[in-house]
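Input: a single structure, listed below in structure tokens.
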Amino acid sequence: MTTRRDFNKTMIKGAGAAALMSTFPLSAACAPQSKKLGVALVGLGSYSTYQLAPALQDTQHCYLTGVVTGTPVKEKQWADKYGIPTDNIYNYDNFDAIADNDDIDIVYVVLPNSMHAEFCIRAAKAGKHVICEKPMAISVKECDDIINACNAAGVKLGVGYRLQSEPYTNEIKRIVREKPFGEVRFVSAEAGYRSRGNPDQWRLNRALAGGGALLNMGVYAIQGAIYGTGQNPISVSAQEFSTDPDYFKDTDESITAQFKFPNGATGSIFTSHSANVNRHYSAFDRGWLELNPANNYGPLAGRLSTGEEIKFTHESQQKLQMDDFARHILEGTPNCAPGEMGKRDMIICEAIYQSIAEGGKTISLDLGRMGIVG
Ligand code: NAD
């Protein structure tokens with residue numbers, strides 16, 4: 001039996017399409033959106049297992065067809081669960097041979113942060129489009145290396161910022177852009193959770209994570225401050241708080257930072273591995289908006305100063321994100337989370353760490369409109 005997946009694959013390759021025409025409705029066979037891109041996940045940890053792979057079962061424009069894992073036992077588990085052909089299963093050593101695999105169009109790197117650059121660059125050199133999980137890397141230099149490798153290879157690059165494809169976030173952007181409440185004057189964004197389980201996890205290891213709460217959750221708060229004002233900050237000053245130095249030996253526990261924006265607005269972010277915080281607030285001349293929760297997998301919830309709810313039907317954010325990226329490749333729609341966005345956020349993270357190291361000094365930022373989409 002020919003499944004829809006097989007059919008779409010055939011459409012991508014072209015060969016055999018004519019033979020299948022008679023068994024499928026003409027409209028589906030002719031429509032450009034009937035192409036589906038093949039995705040390989042690199043790193044089969046919790047995000048790939050519980051979010052991305054399930055989401056990729058529901059996507060319209062791409063599908064899960066490959067995996068790259070360093071854990072041999074997962075090869076059979078994933079092959080059995082998702083029908084992944086043996087030829088589309090790689091390990092970290094033979095990964096570069098993915099260049100010869102026409103089933104795989106997109107490589108999605110879902111490894112610890114310090115491994116993003118290496119695997120994104122290898123994927124680009126193999127001629128595959130790349131999605132890099134957040135934070136994009138552990139330094140601005142590594143972000144540049146990824147961007148340059150993708151440009152040199154002529155492949156598309158996206159960052160795994162799922163909220164950029166999600167309706168509540170896009171409603172904030174619309175309100176900021178269309179100004180029904182006037183000019184934005186203040187934004188507050190908080191993102192964090194209480195981490196206490198395993199002291200040996202990679203997220204608490206600077207070499208693997210590159211930083212603590214800031215790189216893990218703080219990037220959501222930074223993103224919120226930016227889409228909640230529609231501008232990049234022109235300066236930042238920051239403070240770090242430590243209450244449990246035994247557990248947080250190597251990485252930052254909680255950080256606050258204050259931003260100034262080009263229109264005179266100010267912003268405040270908080271991120272933590274000790275407090276469950278998940279909120280967005282933008283204040284305008286004549287009103288405000290709030291999301292709470294604002295940055296988890298949803299359903300999100302929001303309200304306006306008018307008393308109205310902000311409400312959208314919940315859909316998997318990962319599904320929306322993956323379809324947006326596939327449509328960017330297939331149809332040239334905007335890239336919702338380009339590499340420049342990930343690099344910009346890393347520039348801000350480095351400025352925050354610099355400010356903390358210099359006793360809260362105000363650090364100037366010269367970002368222009370870098371990474372702002374929509
Ligand atoms: P995880 O610990 O559950 O999985 C990490 C995977 O990397 C595992 O399969 C592990 O075997 C593999 N790995 C390879 N080398 C490793 C090493 N030296 N140390 C530890 N693991 C190693 O992590 P995760 O939660 O899946 O996170 C992976 C990436 O995805 C991170 O960059 C994280 O920031 C990102 N992430 C993003 C979101 C989001 O909402 N966009 C959510 C969760 C995680």
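Residue names in the structure tokens use chain letters A, B, ... in the order shown, residue numbers from 1 in each chain, and ligand numbers from 1 in the order shown.
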
message: Which residues are near ligand 1 in this structure, taking near to mean any atom at most 6 Å from a ligand atom and counting only C-alpha atoms and all ligand atoms? Format them as a PyMOL selection string.
response: chain A and resi 43-48+110-113+133-135+160-162+202+216

field: Shell of 8 Å around A:Lys249, only C-alpha atoms, local chain residues under 3 positions omitted, as a PyMOL selection string
entry: chain A and resi 204+245-246

Within 9 Å of A:Gln318, counting only C-alpha atoms, which residues qualify if same-chain residues fewer than 6 places away don't, as a JSON list (two decimals) with N, CA, C and O atoms, in the first residue's frame?
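This went into result34.json:
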[["chain", "number", "residue", "atom", "x", "y", "z"],
["A", 51, "GLN", "N", 8.34, 16.09, 22.39],
["A", 51, "GLN", "CA", 7.73, 17.22, 21.69],
["A", 51, "GLN", "C", 7.90, 17.13, 20.17],
["A", 51, "GLN", "O", 6.92, 17.14, 19.43],
["A", 52, "LEU", "N", 9.15, 17.05, 19.71],
["A", 52, "LEU", "CA", 9.36, 17.20, 18.27],
["A", 52, "LEU", "C", 8.87, 16.00, 17.46],
["A", 52, "LEU", "O", 8.16, 16.17, 16.46],
["A", 55, "ALA", "N", 5.12, 15.94, 17.32],
["A", 55, "ALA", "CA", 4.63, 17.06, 16.49],
["A", 55, "ALA", "C", 4.82, 16.75, 15.00],
["A", 55, "ALA", "O", 3.97, 17.09, 14.17],
["A", 56, "LEU", "N", 5.94, 16.09, 14.68],
["A", 56, "LEU", "CA", 6.24, 15.79, 13.28],
["A", 56, "LEU", "C", 5.32, 14.73, 12.69],
["A", 56, "LEU", "O", 5.36, 14.47, 11.48],
["A", 160, "GLY", "N", 15.25, 27.14, 16.86],
["A", 160, "GLY", "CA", 14.07, 26.45, 17.41],
["A", 160, "GLY", "C", 13.22, 27.30, 18.33],
["A", 160, "GLY", "O", 12.75, 26.81, 19.36],
["A", 162, "ARG", "N", 10.10, 28.18, 19.04],
["A", 162, "ARG", "CA", 8.73, 27.75, 18.71],
["A", 162, "ARG", "C", 7.71, 28.87, 18.90],
["A", 162, "ARG", "O", 6.69, 28.93, 18.21],
["A", 163, "LEU", "N", 7.94, 29.80, 19.85],
["A", 163, "LEU", "CA", 6.94, 30.84, 20.11],
["A", 163, "LEU", "C", 6.77, 31.79, 18.92],
["A", 163, "LEU", "O", 5.72, 32.42, 18.77],
["A", 165, "SER", "N", 6.20, 31.08, 16.04],
["A", 165, "SER", "CA", 5.18, 30.57, 15.11],
["A", 165, "SER", "C", 3.83, 30.43, 15.78],
["A", 165, "SER", "O", 2.92, 29.82, 15.22],
["A", 166, "GLU", "N", 3.67, 30.97, 16.93],
["A", 166, "GLU", "CA", 2.56, 30.65, 17.82],
["A", 166, "GLU", "C", 1.64, 31.88, 17.91],
["A", 166, "GLU", "O", 2.13, 33.02, 17.92],
["A", 297, "TYR", "N", 4.75, 25.22, 26.68],
["A", 297, "TYR", "CA", 4.24, 24.59, 25.45],
["A", 297, "TYR", "C", 2.75, 24.85, 25.25],
["A", 297, "TYR", "O", 2.18, 24.42, 24.26]]

message: Nearest residue to A:Glu178 out of A:Asn276, A:Thr256, A:Asn295, A:Thr229, using only C-alpha atoms?
response: A:Thr229

message: I need the residues in stretch 41-203 of chain A that are helix (DSSP H, G or I) according to DSSP; give them as an MDAnalysis selection string.
response: chainID A and resid 46:55 72:82 86:88 95:100 113:125 140:153 162:165 167:178 202:203

message: as number ranges by chain, please: the residues near stretch 329-344 of chain A (cut-off 8 Å, only C-alpha atoms, same-chain neighbours under 5 positions excluded).
response: A: 33, 134-136, 140, 143-144, 147, 156-161, 164-165, 324, 367, 370-374

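Nearest to A:Phe259 of all the residues A:Ala275, A:Val155, A:Val236, A:Ile89 is A:Val236, based on only C-alpha atoms.
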
- request: Kindly indicate which residue among A:Gly212, A:Gly368, A:Pro299, A:Pro293 lies nearest to A:Phe248, using only C-alpha atoms for the distances.
  value: A:Gly212

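The shortest atom-to-atom distance to A:Tyr63, with only C-alpha atoms taken into account, belongs to A:Leu37 out of A:Leu37, A:Ala191, A:Val184, A:Ala152.
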